[in-house]
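S.K.: Enclosed is the structure file protein.pdb (PDB, C-alpha atoms).
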```
ATOM      1  CA  MET A 220      -9.174  19.286 -27.715
ATOM      2  CA  SER A 221      -8.712  15.571 -27.087
ATOM      3  CA  MET A 222     -10.905  12.524 -26.653
ATOM      4  CA  CYS A 223     -11.661  11.164 -23.183
ATOM      5  CA  PRO A 224      -9.421   8.126 -22.493
ATOM      6  CA  GLN A 225     -11.937   6.633 -20.052
ATOM      7  CA  CYS A 226     -15.133   6.791 -22.142
ATOM      8  CA  LYS A 227     -15.167   3.613 -24.214
ATOM      9  CA  ASP A 228     -18.373   3.962 -26.251
ATOM     10  CA  PRO A 229     -17.328   3.948 -29.945
ATOM     11  CA  GLN A 230     -20.784   5.148 -31.019
ATOM     12  CA  ARG A 231     -20.507   8.373 -28.991
ATOM     13  CA  PRO A 232     -16.907   9.600 -28.722
ATOM     14  CA  CYS A 233     -16.573  11.992 -25.819
ATOM     15  CA  LYS A 234     -14.412  15.118 -26.174
ATOM     16  CA  VAL A 235     -12.533  16.758 -23.318
ATOM     17  CA  VAL A 236     -13.343  20.436 -22.754
ATOM     18  CA  GLU A 237     -11.988  23.075 -20.383
ATOM     19  CA  LEU A 238     -14.432  24.343 -17.769
ATOM     20  CA  PRO A 239     -14.563  28.024 -16.665
ATOM     21  CA  ASN A 240     -12.802  27.131 -13.388
ATOM     22  CA  GLY A 241      -9.780  25.702 -15.271
ATOM     23  CA  ARG A 242     -10.617  22.022 -14.762
ATOM     24  CA  LEU A 243     -10.838  19.625 -17.689
ATOM     25  CA  ALA A 244     -13.907  17.415 -18.104
ATOM     26  CA  CYS A 245     -15.352  15.107 -20.727
ATOM     27  CA  GLU A 246     -18.559  16.223 -22.420
ATOM     28  CA  CYS A 247     -20.661  13.522 -20.759
ATOM     29  CA  GLY A 248     -19.596  14.817 -17.317
ATOM     30  CA  LYS A 249     -18.487  11.448 -15.933
ATOM     31  CA  HIS A 250     -14.744  12.208 -15.784
ATOM     32  CA  GLN A 251     -12.841  15.297 -14.629
ATOM     33  CA  TRP A 252      -9.204  16.293 -14.137
ATOM     34  CA  PRO A 253      -7.922  19.217 -12.046
ATOM     35  CA  ASN A 254      -5.473  20.433 -14.723
ATOM     36  CA  SER A 255      -3.824  19.530 -18.014
ATOM     37  CA  ALA A 256      -0.822  17.859 -16.329
ATOM     38  CA  VAL A 257      -3.052  15.329 -14.577
ATOM     39  CA  PHE A 258      -4.941  14.749 -17.836
ATOM     40  CA  ALA A 259      -1.647  14.131 -19.683
ATOM     41  CA  GLU A 260      -0.593  11.641 -17.000
ATOM     42  CA  SER A 261      -3.912   9.778 -17.332
ATOM     43  CA  LEU A 262      -3.370   9.575 -21.101
ATOM     44  CA  ARG A 263       0.158   8.239 -20.530
ATOM     45  CA  ARG A 264      -1.063   5.607 -18.079
ATOM     46  CA  ALA A 265      -3.913   4.600 -20.402
ATOM     47  CA  ASN A 266      -1.358   3.964 -23.161
ATOM     48  CA  LEU A 267       0.690   1.745 -20.825
ATOM     49  CA  THR A 268      -2.291  -0.300 -19.734
ATOM     50  CA  VAL A 269      -2.737  -3.784 -21.179
ATOM     51  CA  VAL A 270      -5.728  -5.721 -19.814
ATOM     52  CA  LYS A 271      -6.057  -3.121 -17.039
ATOM     53  CA  ALA A 272      -2.577  -3.839 -15.604
ATOM     54  CA  VAL A 273       0.007  -1.040 -15.624
ATOM     55  CA  HIS A 274       3.514  -2.153 -16.568
ATOM     56  CA  ASP A 275       5.481  -1.489 -13.393
ATOM     57  CA  TRP A 276       8.800  -1.988 -15.164
ATOM     58  CA  THR A 277       8.344   1.344 -16.931
ATOM     59  CA  GLN A 278       8.485   3.146 -13.570
ATOM     60  CA  SER A 279      11.791   3.713 -11.766
ATOM     61  CA  LEU A 280      11.876   1.987  -8.388
TER      62      LEU A 280
END
```
Turn the structure described in the file into structure tokens.

M.R.:
Amino acid sequence: MSMCPQCKDPQRPCKVVELPNGRLACECGKHQWPNSAVFAESLRRANLTVVKAVHDWTQSL
């Protein structure tokens, strides 16, 4: 599937797998998402993040 956007260790990349109950989780077990839509949103927000600050101007107000 995809790599976990929250695991930052370059020595051990962490893959995201689907659990039997339908949730998504990274292989190390530290991060979980209830479904693929929430996971996609976390990927989108991770791509917008620069120095841990989300660009608010990309969101409609």

S.K.: Show me, as JSON, numbers by chain, the residues that have an atom within 7 Å of segment 253-266 of chain A when counting only C-alpha atoms, minus same-chain residues fewer than 4 positions from it.

M.R.: {"A": [224, 241, 242, 243]}

S.K.: Name the residues within 8 Å of (-12.7, 10.1, -18.7), counting all atoms listed in the file in the file's coordinates, and put them as a PyMOL selection string.

M.R.: chain A and resi 223-226+244-245+249-251

S.K.: One number please: atom CA of Trp252 of chain A to atom CA of Arg231 of chain A, in Å, one decimal.

M.R.: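 Separating atom CA of Trp252 of chain A from atom CA of Arg231 of chain A is a distance of 20.3 Å.
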
S.K.: Using the chain letters and numbers from the file, give me the residues hit by the PyMOL selection byres ((chain A and resi 221) around 7), as a ChimeraX atom specification.

M.R.: /A:220,222-223,234-235

S.K.: Pull N, CA and C atoms for segment 229-276 of chain A from the block and write them as a compact mmCIF listing (two decimals), in the first residue's frame.

M.R.:
```txt
# COMPACT_ATOMS: atom_id res chain seq x y z
N PRO A 229 14.04 7.16 8.62
CA PRO A 229 14.44 6.74 7.27
C PRO A 229 15.08 5.35 7.23
N GLN A 230 15.58 4.88 8.35
CA GLN A 230 16.20 3.56 8.40
C GLN A 230 15.16 2.43 8.35
N ARG A 231 13.97 2.70 8.91
CA ARG A 231 12.91 1.69 8.93
C ARG A 231 11.62 2.31 8.38
N PRO A 232 11.44 2.34 7.07
CA PRO A 232 10.19 2.87 6.53
C PRO A 232 9.02 1.98 6.96
N CYS A 233 7.94 2.60 7.31
CA CYS A 233 6.79 1.91 7.86
C CYS A 233 5.64 1.90 6.85
N LYS A 234 5.18 0.73 6.45
CA LYS A 234 4.10 0.62 5.47
C LYS A 234 2.75 0.64 6.18
N VAL A 235 1.75 1.10 5.46
CA VAL A 235 0.38 1.12 5.97
C VAL A 235 -0.33 -0.13 5.45
N VAL A 236 -0.98 -0.85 6.36
CA VAL A 236 -1.69 -2.08 6.01
C VAL A 236 -3.14 -1.98 6.47
N GLU A 237 -4.01 -2.76 5.85
CA GLU A 237 -5.41 -2.78 6.25
C GLU A 237 -5.62 -3.90 7.25
N LEU A 238 -6.26 -3.57 8.36
CA LEU A 238 -6.56 -4.54 9.41
C LEU A 238 -7.84 -5.29 9.07
N PRO A 239 -8.09 -6.44 9.70
CA PRO A 239 -9.31 -7.22 9.42
C PRO A 239 -10.61 -6.45 9.69
N ASN A 240 -10.58 -5.47 10.61
CA ASN A 240 -11.79 -4.71 10.90
C ASN A 240 -11.99 -3.52 9.95
N GLY A 241 -11.16 -3.37 8.93
CA GLY A 241 -11.31 -2.31 7.94
C GLY A 241 -10.50 -1.07 8.22
N ARG A 242 -9.92 -0.96 9.40
CA ARG A 242 -9.09 0.20 9.73
C ARG A 242 -7.74 0.09 9.03
N LEU A 243 -7.08 1.21 8.85
CA LEU A 243 -5.73 1.23 8.31
C LEU A 243 -4.77 1.51 9.46
N ALA A 244 -3.61 0.88 9.44
CA ALA A 244 -2.62 1.09 10.50
C ALA A 244 -1.23 0.92 9.91
N CYS A 245 -0.25 1.62 10.51
CA CYS A 245 1.12 1.42 10.06
C CYS A 245 1.66 0.15 10.73
N GLU A 246 2.67 -0.43 10.12
CA GLU A 246 3.20 -1.71 10.60
C GLU A 246 3.72 -1.65 12.03
N CYS A 247 4.25 -0.50 12.45
CA CYS A 247 4.78 -0.40 13.81
C CYS A 247 3.66 -0.32 14.85
N GLY A 248 2.43 -0.01 14.42
CA GLY A 248 1.29 0.04 15.33
C GLY A 248 1.10 1.36 16.06
N LYS A 249 1.89 2.37 15.75
CA LYS A 249 1.79 3.65 16.45
C LYS A 249 0.67 4.53 15.89
N HIS A 250 0.31 4.36 14.62
CA HIS A 250 -0.66 5.24 13.98
C HIS A 250 -1.76 4.42 13.33
N GLN A 251 -3.01 4.88 13.48
CA GLN A 251 -4.15 4.21 12.87
C GLN A 251 -5.12 5.24 12.30
N TRP A 252 -5.88 4.81 11.29
CA TRP A 252 -6.90 5.64 10.67
C TRP A 252 -8.15 4.80 10.53
N PRO A 253 -9.34 5.40 10.73
CA PRO A 253 -10.58 4.61 10.68
C PRO A 253 -10.94 4.12 9.28
N ASN A 254 -10.54 4.84 8.23
CA ASN A 254 -10.83 4.41 6.86
C ASN A 254 -9.87 5.09 5.89
N SER A 255 -10.00 4.74 4.62
CA SER A 255 -9.06 5.26 3.62
C SER A 255 -9.25 6.75 3.36
N ALA A 256 -10.46 7.27 3.55
CA ALA A 256 -10.70 8.70 3.34
C ALA A 256 -9.95 9.53 4.38
N VAL A 257 -9.94 9.11 5.60
CA VAL A 257 -9.22 9.82 6.65
C VAL A 257 -7.71 9.73 6.41
N PHE A 258 -7.26 8.56 5.94
CA PHE A 258 -5.84 8.39 5.61
C PHE A 258 -5.44 9.32 4.47
N ALA A 259 -6.28 9.43 3.44
CA ALA A 259 -6.00 10.32 2.31
C ALA A 259 -5.94 11.77 2.77
N GLU A 260 -6.82 12.16 3.68
CA GLU A 260 -6.81 13.52 4.20
C GLU A 260 -5.54 13.79 5.00
N SER A 261 -5.06 12.79 5.77
CA SER A 261 -3.82 12.99 6.52
C SER A 261 -2.62 13.11 5.58
N LEU A 262 -2.65 12.39 4.47
CA LEU A 262 -1.58 12.54 3.47
C LEU A 262 -1.63 13.93 2.86
N ARG A 263 -2.83 14.42 2.54
CA ARG A 263 -2.98 15.75 1.96
C ARG A 263 -2.48 16.82 2.92
N ARG A 264 -2.84 16.71 4.18
CA ARG A 264 -2.40 17.70 5.16
C ARG A 264 -0.90 17.62 5.40
N ALA A 265 -0.33 16.42 5.35
CA ALA A 265 1.12 16.28 5.53
C ALA A 265 1.86 16.95 4.39
N ASN A 266 1.30 16.92 3.18
CA ASN A 266 1.93 17.57 2.03
C ASN A 266 1.83 19.09 2.11
N LEU A 267 0.84 19.61 2.83
CA LEU A 267 0.68 21.05 2.97
C LEU A 267 1.50 21.62 4.12
N THR A 268 2.01 20.75 4.95
CA THR A 268 2.69 21.20 6.16
C THR A 268 4.13 21.61 5.88
N VAL A 269 4.48 22.82 6.30
CA VAL A 269 5.84 23.31 6.23
C VAL A 269 6.21 23.77 7.63
N VAL A 270 7.20 23.15 8.23
CA VAL A 270 7.62 23.44 9.60
C VAL A 270 6.42 23.32 10.54
N LYS A 271 5.66 22.25 10.34
CA LYS A 271 4.53 21.90 11.21
C LYS A 271 3.45 22.97 11.27
N ALA A 272 3.30 23.81 10.25
CA ALA A 272 2.24 24.81 10.21
C ALA A 272 1.44 24.63 8.93
N VAL A 273 0.16 24.31 9.05
CA VAL A 273 -0.68 24.11 7.88
C VAL A 273 -0.99 25.46 7.24
N HIS A 274 -0.94 25.52 5.94
CA HIS A 274 -1.23 26.76 5.22
C HIS A 274 -2.74 26.97 5.21
N ASP A 275 -3.22 27.89 6.02
CA ASP A 275 -4.65 28.15 6.12
C ASP A 275 -5.22 28.74 4.84
N TRP A 276 -4.42 29.40 4.04
CA TRP A 276 -4.93 30.02 2.83
C TRP A 276 -5.39 29.00 1.80
```
